[in-house]
Amino acid sequence: MNRSIVVVLVLAFNLSFGQSGNYFLSHFAPDNDRFDHLTFDLVQDDRGVFHFASKSGVIEFDGRNWGLIQTNGPIFTLTASGHDVFAGGFNGFGKIGFGADQVKTFQSLSQDQKQATQIFSSLSLNGKIYLINTQSIFVYDINAAKVEATIAAKQNEEFSGLLNIIGKPFVKSTAGIYSVINNKLEEPSFPWPDKLSIDLSATFLNSSSPLSLLSVHGGRLFLATTSGLKEINVVDKDFLIHNVPVSVAWLSETLIAVGTLRGGVIFINPQTGETQEIINYYSGLPDNEVYAMFTDRNDALWVAHGYGFTRIAPFVPFKLYNHYAGIAGNFLCVKTFQNQTYVGTTLGLYCLVSQEFVEDKYEIDKVSEGANQKTKRGLFSFLRRENLIETTGKGTSKKQIKRSGYVFKKVEGIEGKVTQLIETDNQLIASGNFGAYSITELKSSPITSTAVRYVYKSKILNQLLVSTLDDNIMSLSLEGKTWKETNVLDTLNEYFSYIFEDKVQNLWLCGRTNAIKVETVDGAITAVEKVPFSNPTIDESVGIAFGSEVYIASGGSFHRYDIKDNVFKKYDSLPGPKKYFASSGYFWFHDGHRWRTVDPRVQASLKLEWLGLFSNIRFIAPADQESLWLISGNNELFKFNSKQASQNIKDYPLVLREVRGEQNKFAPSHSIIVSQLESTVSFDFIQPDYLGMDAVEYRYQVKGRSNDWTPWSTSNNIVNFSYLPAGTYRLAIQTRNLMGKISAVEEIKLEVQPPYWKRSWFYLLEVIFFGAMVFLSIRLSGGSKKYRVISQVLSMLTIIMMIQLVQTAINNQVSIKTTPVIDFFIQVALALLVLPIENYLMKLMARGAKP
């Protein structure tokens with residue numbers, strides 16, 4: 001097939017959808033060269049950890065950590081049942097488990113199955129694992145932990161794949177499709193249409209009744225239920241014909257995905273057949289060739305391709321707009337005006353407009369379709385993609401159709417950096433280093449050609465105020481359709497980065513270390529004065545009026561206006577903003593954990609917790625009452641719709657991933673025992689999350705060491721102990737997700753044992769030993785005076801050992817914080833307690849020494 005035709009067709013489909021933006025994408029790839037991006041299959045276990053089948057083994061990923069599980073050869077297929085992940089490949093099949101060194105390893109289950117090689121497909125159904133090569137089906141019983149049956153292919157036939165159709169196992173062969181019933185091949189009772197060749201299947205697990213999606217050669221899709229088959233009337237069937245489906249998946253009852261060999265992923269409503277979205281290179285997918293797909297617990301689609309993995313999230317309330325054709329430069333601002341979207345960049349102003357184009361549409365005739373159905377796709381057809389059927393040429397017909405789509409068009413007359421867009425007097429005004437211009441559709445007319453820093457329309461003065469880059473304030477009034485300069489504030493020759501008004505008719509102009517307060521009465525200026533504030537970093541300041549209060553944000557802190565002292569004072573009731581900016585009369589700031597605003601009503605109604613997906617946002621502005629425009633630090637343009645934002649994110653469990661000592665690993669459990677000599681230990685917890693790196697925060701508490709919780713942080717999932725005194729500790733850890741939901745695991749008991757010479761039993765042995773020596777010395781002292789000194793020394797050593805024994809026993813039973821001084825007094829007190837024993841021994845030796 002001509003590649004230029006493919007490119008034109010894919011680009012045309014990308015343009016053909018409305019002004020709604022593209023699905024939210026997240027990209028993942030290991031940065032280690034030992035990981036191979038060629039992925040044959042992927043699966044997720046019930047803890048949320050992903051596993052990828054590759055030539056080098058099984059790659060695992062939990063949202064933060066990548067790992068490679070070595071296997072006995074290349075792995076071609078994966079399936080999961082609960083915690084267990086089963087893998088099949090070139091040298092048989094097995095299960096992922098822990099080895100003696102507490103490292104995940106591949107445990108072969110096919111060592112007794114000589115014919116179990118080159119396994120390329122698998123299914124997990126009803127407590128059984130089905131694995132297949134061209135000649136045999138191996139049925140593994142999970143509960144019995146053994147291969148319970150081997151089903152051989154019929155003579156002169158070869159198996160080519162397993163299918164899950166309405167929750168039952170089926171197998172494809174060169175002679176047709178069989179049902180696997182009681183470990184035997186049976187003719188299917190399912191009503192198949194004549195000559196129907198099923199290539200792919202996917203079963204929807206959340207449906208009230210079994211529902212499967214079947215992909216058939218010729219761009220046809222079917223829905224299978226217990227009642228039979230129903231063909232989906234695919235509107236863009238020609239897209240499937242040209243790009244060759246290689247994988248199918250369900251996302252909801254109204255959304256399916258078809259991954260293709262050369263066109264990316266097409267999303268279709270199975271009830272209507274209409275295309276909802278196409279995600280390909282032009283809409284953010286790094287590669288149009290799809291290797292494999294999988295739907296995770298939050299109904300997002302994982303796509304494996306040549307550059308790693310992309311998570312496509314149709315139900316996340318963010319839509320991406322920067323992949324529409326025609327726009328250039330880094331995004332700086334965005335504004336919706338009269339139902340049109342304008343975006344200011346470093347290279348000018350662009351408007352998203354509708355455009356018609358002509359597209360070639362191809363259809364396969366019935367004769368060609370029937371002939372191609374006989375094409376054999378046997379073992380490892382996914383490795384021989386270059387041999388897939390060409391769908392152009394003979395047996396196809398072509399016609400041209402008209403479509404409409406959206407592209408960005410540049411607004412004429414603006415050449416420069418557009419830093420601000422405001423709406424006033426039924427006009428859109430764009431400003432930047434080119435000046436300030438009034439915008440009408442794709443035309444512009446100048447208001448001023450002086451380079452502009454900030455523009456504000458004052459309702460109090462009914463004038464347009466312009467802060468220029470040469471530190472002047474221009475004031476303009478609209479007369480008819482023309483802006484005329486009024487020179488109201490032309491005496492203010494200072495740097496101003498932001499202008500706003502409060503509720504009592506005061507105008508505020510924010511500088512670097514002070515604000516200018518302009519008092520007015522009935523639209524007339526009555527006083528102008530400077531109000532200082534602290535800004536040691538000389539950052540740009542912004543302000544906001546909330547209720548009767550006026551606030552300035554600068555230098556990483558908030559300042560509130562004190563009308564009595566006429567000064568801004570530091571305000572500690574709000575957390576210091578790590579990042580902040582203001583737009584369209586709203587103030588936005590990041591407090592180190594979440595994006596917030598000073599108005600709690602706006603915070604709640606717009607569900608700003610979702611903005612926690614982005615730690616670095618350069619621009620936020622309202623799009624309408626329910627939506628926001630966002631520009632991320634990665635130069636991505638998003639539209640956030642709070643109405644579509646769900647609070648019910650399905651969390652994965654918080655688990656103890658590994659426990660690592662100085663020399664070795666420990667089995668993850670709720671009770672860990674380490675020696676004080678090797679008390680350097682690290683606990684690694686993980687709650688898998690794939691929305692964003694900052695979406696889950698951790699905190700922990702070590703009981704027995706401190707009763708305080710650590711601050712919330714994304715890095716607190718790893719708890720390191722470089723040295724711990726002997727004793728018993730309890731480690732508690734919690735997570736907080738994007739919505740503020742807190743999760744926890746059972747406390748981990750950590751017992752740090754002292755060296756053997758500091759343990760109670762050792763002191764007890766010492767007491768017994770020295771006691772025996774004292775007894776012997778007493779007996780000897782009765783016979784000779786030269787043994788009396790030895791007897792007294794042994795008695796003193798025994799007493800010292802008794803003191804240590806008592807102190808150790810007390811420390812093991814009672815956990816208290818001590819200092820060397822306190823320890824000294826404790827030992828003195830213990831010595832006084834055992835003093836009667838010492839006196840008794842001395843008297844006993846004295847009596848034994850008498851003749």
# chains A, B, ... in the order shown; residues from 1 in each chain; ligands from 1

call {"tool": "select_by_dssp", "arguments": {"residues": "segment 599-797 of chain A", "states": "strand (DSSP E)", "output": "NGL selection string"}}
result
:A and (617-622 or 627-632 or 637-641 or 655-661 or 665-666 or 671-675 or 681-686 or 697-703 or 718-721 or 727-736 or 742-744 or 748-753)

call {"tool": "residues_around", "arguments": {"residues": "Ser743 of chain A", "least_positions_apart": "5", "cutoff": "9 Å", "atoms": "only C-alpha atoms", "output": "JSON, numbers by chain"}}
result
{"A": [651, 653, 654, 733, 734, 735, 736, 737]}

call {"tool": "write_last_selection", "arguments": {"atoms": "N, CA, C and O atoms", "output": "short mmCIF file (atom, residue, chain, number, x, y, z; two decimals), in the first residue's frame"}}
result
data_model
loop_
_atom_site.label_atom_id
_atom_site.label_comp_id
_atom_site.auth_asym_id
_atom_site.auth_seq_id
_atom_site.Cartn_x
_atom_site.Cartn_y
_atom_site.Cartn_z
N ASP A 651 -8.94 3.10 43.60
CA ASP A 651 -7.57 3.01 44.08
C ASP A 651 -7.06 1.58 44.02
O ASP A 651 -7.81 0.62 44.22
N PRO A 653 -4.46 -1.15 45.89
CA PRO A 653 -4.09 -1.29 47.30
C PRO A 653 -2.68 -0.79 47.59
O PRO A 653 -1.79 -0.87 46.73
N LEU A 654 -2.51 -0.28 48.79
CA LEU A 654 -1.19 0.09 49.28
C LEU A 654 -0.50 -1.16 49.80
O LEU A 654 -1.05 -1.86 50.66
N ILE A 733 1.94 3.60 57.92
CA ILE A 733 2.08 4.43 56.71
C ILE A 733 0.70 4.65 56.10
O ILE A 733 -0.17 3.78 56.18
N GLN A 734 0.51 5.83 55.53
CA GLN A 734 -0.76 6.20 54.91
C GLN A 734 -0.48 6.85 53.55
O GLN A 734 0.59 7.41 53.32
N THR A 735 -1.48 6.77 52.68
CA THR A 735 -1.41 7.47 51.40
C THR A 735 -2.63 8.37 51.25
O THR A 735 -3.68 8.13 51.86
N ARG A 736 -2.47 9.40 50.46
CA ARG A 736 -3.57 10.31 50.15
C ARG A 736 -3.61 10.51 48.65
O ARG A 736 -2.62 10.93 48.04
N ASN A 737 -4.76 10.18 48.05
CA ASN A 737 -4.84 10.27 46.59
C ASN A 737 -5.27 11.65 46.14
O ASN A 737 -5.40 12.59 46.94
#

call {"tool": "residues_around", "arguments": {"residues": "Gly326 of chain A", "least_positions_apart": "6", "cutoff": "8 Å", "atoms": "only C-alpha atoms", "output": "list in words"}}
result
Val407, Phe408, Lys409 and Lys410 of chain A

call {"tool": "write_last_selection", "arguments": {"atoms": "C-alpha atoms", "output": "mmCIF file, in the first residue's frame"}}
result
data_model
loop_
_atom_site.group_PDB
_atom_site.id
_atom_site.type_symbol
_atom_site.label_atom_id
_atom_site.label_comp_id
_atom_site.auth_asym_id
_atom_site.auth_seq_id
_atom_site.Cartn_x
_atom_site.Cartn_y
_atom_site.Cartn_z
ATOM 1 C CA VAL A 407 -7.462 23.462 12.531
ATOM 2 C CA PHE A 408 -5.694 26.484 13.991
ATOM 3 C CA LYS A 409 -5.442 29.576 11.789
ATOM 4 C CA LYS A 410 -3.157 32.482 12.589
#

call {"tool": "residues_around", "arguments": {"residues": "Ala623 of chain A", "least_positions_apart": "2", "cutoff": "8 Å", "atoms": "only C-alpha atoms", "output": "ChimeraX atom specification"}}
result
/A:335-336,621,625-629,639

call {"tool": "residues_around", "arguments": {"residues": "Lys184 of chain A", "least_positions_apart": "4", "cutoff": "12 Å", "atoms": "only C-alpha atoms", "output": "ChimeraX atom specification"}}
result
/A:136-139,149-154,169-171,178-180,188

call {"tool": "residues_around", "arguments": {"residues": "Phe120 of chain A", "least_positions_apart": "3", "cutoff": "12 Å", "atoms": "only C-alpha atoms", "output": "JSON, numbers by chain"}}
result
{"A": [40, 41, 53, 54, 74, 75, 76, 77, 78, 79, 87, 88, 89, 90, 91, 92, 93, 116, 117, 123, 130, 131, 132, 133, 134, 135, 136, 137, 138, 159, 160, 161, 162, 378, 379, 380, 381, 382, 383]}

call {"tool": "closest_residue", "arguments": {"among": "A:Lys114, A:Lys172, A:His559, A:Lys530", "to": "Gly543 of chain A", "atoms": "only C-alpha atoms"}}
result
A:His559

call {"tool": "atom_distance", "arguments": {"atom1": "atom CA of Gln338 of chain A", "atom2": "atom CA of Leu421 of chain A"}}
result
13.4 Å

call {"tool": "residues_around", "arguments": {"residues": "Pro725 of chain A", "least_positions_apart": "5", "cutoff": "9 Å", "atoms": "only C-alpha atoms", "output": "ChimeraX atom specification"}}
result
/A:676,679,752-754

call {"tool": "atom_distance", "arguments": {"atom1": "atom CA of Asp684 of chain A", "atom2": "atom CA of Ser715 of chain A"}}
result
10.4 Å

call {"tool": "closest_residue", "arguments": {"among": "A:Tyr756, A:Phe619, A:Trp610, A:Trp483", "to": "Gln644 of chain A", "atoms": "only C-alpha atoms"}}
result
A:Trp610

call {"tool": "closest_residue", "arguments": {"among": "A:Asn206, A:Ser675, A:Thr39, A:Ser189", "to": "Trp302 of chain A", "atoms": "only C-alpha atoms"}}
result
A:Thr39

call {"tool": "closest_residue", "arguments": {"among": "A:Ser642, A:Asp425, A:Ser121, A:Val504", "to": "Ala604 of chain A", "atoms": "only C-alpha atoms"}}
result
A:Ser642

call {"tool": "closest_residue", "arguments": {"among": "A:Gly511, A:Gly219, A:Pro575, A:Gly63", "to": "Thr260 of chain A", "atoms": "only C-alpha atoms"}}
result
A:Gly219

call {"tool": "closest_residue", "arguments": {"among": "A:Glu479, A:Val316, A:Phe568, A:Leu608", "to": "Leu301 of chain A", "atoms": "only C-alpha atoms"}}
result
A:Val316

call {"tool": "atom_distance", "arguments": {"atom1": "atom CA of Tyr324 of chain A", "atom2": "atom CA of Gly344 of chain A"}}
result
14.5 Å
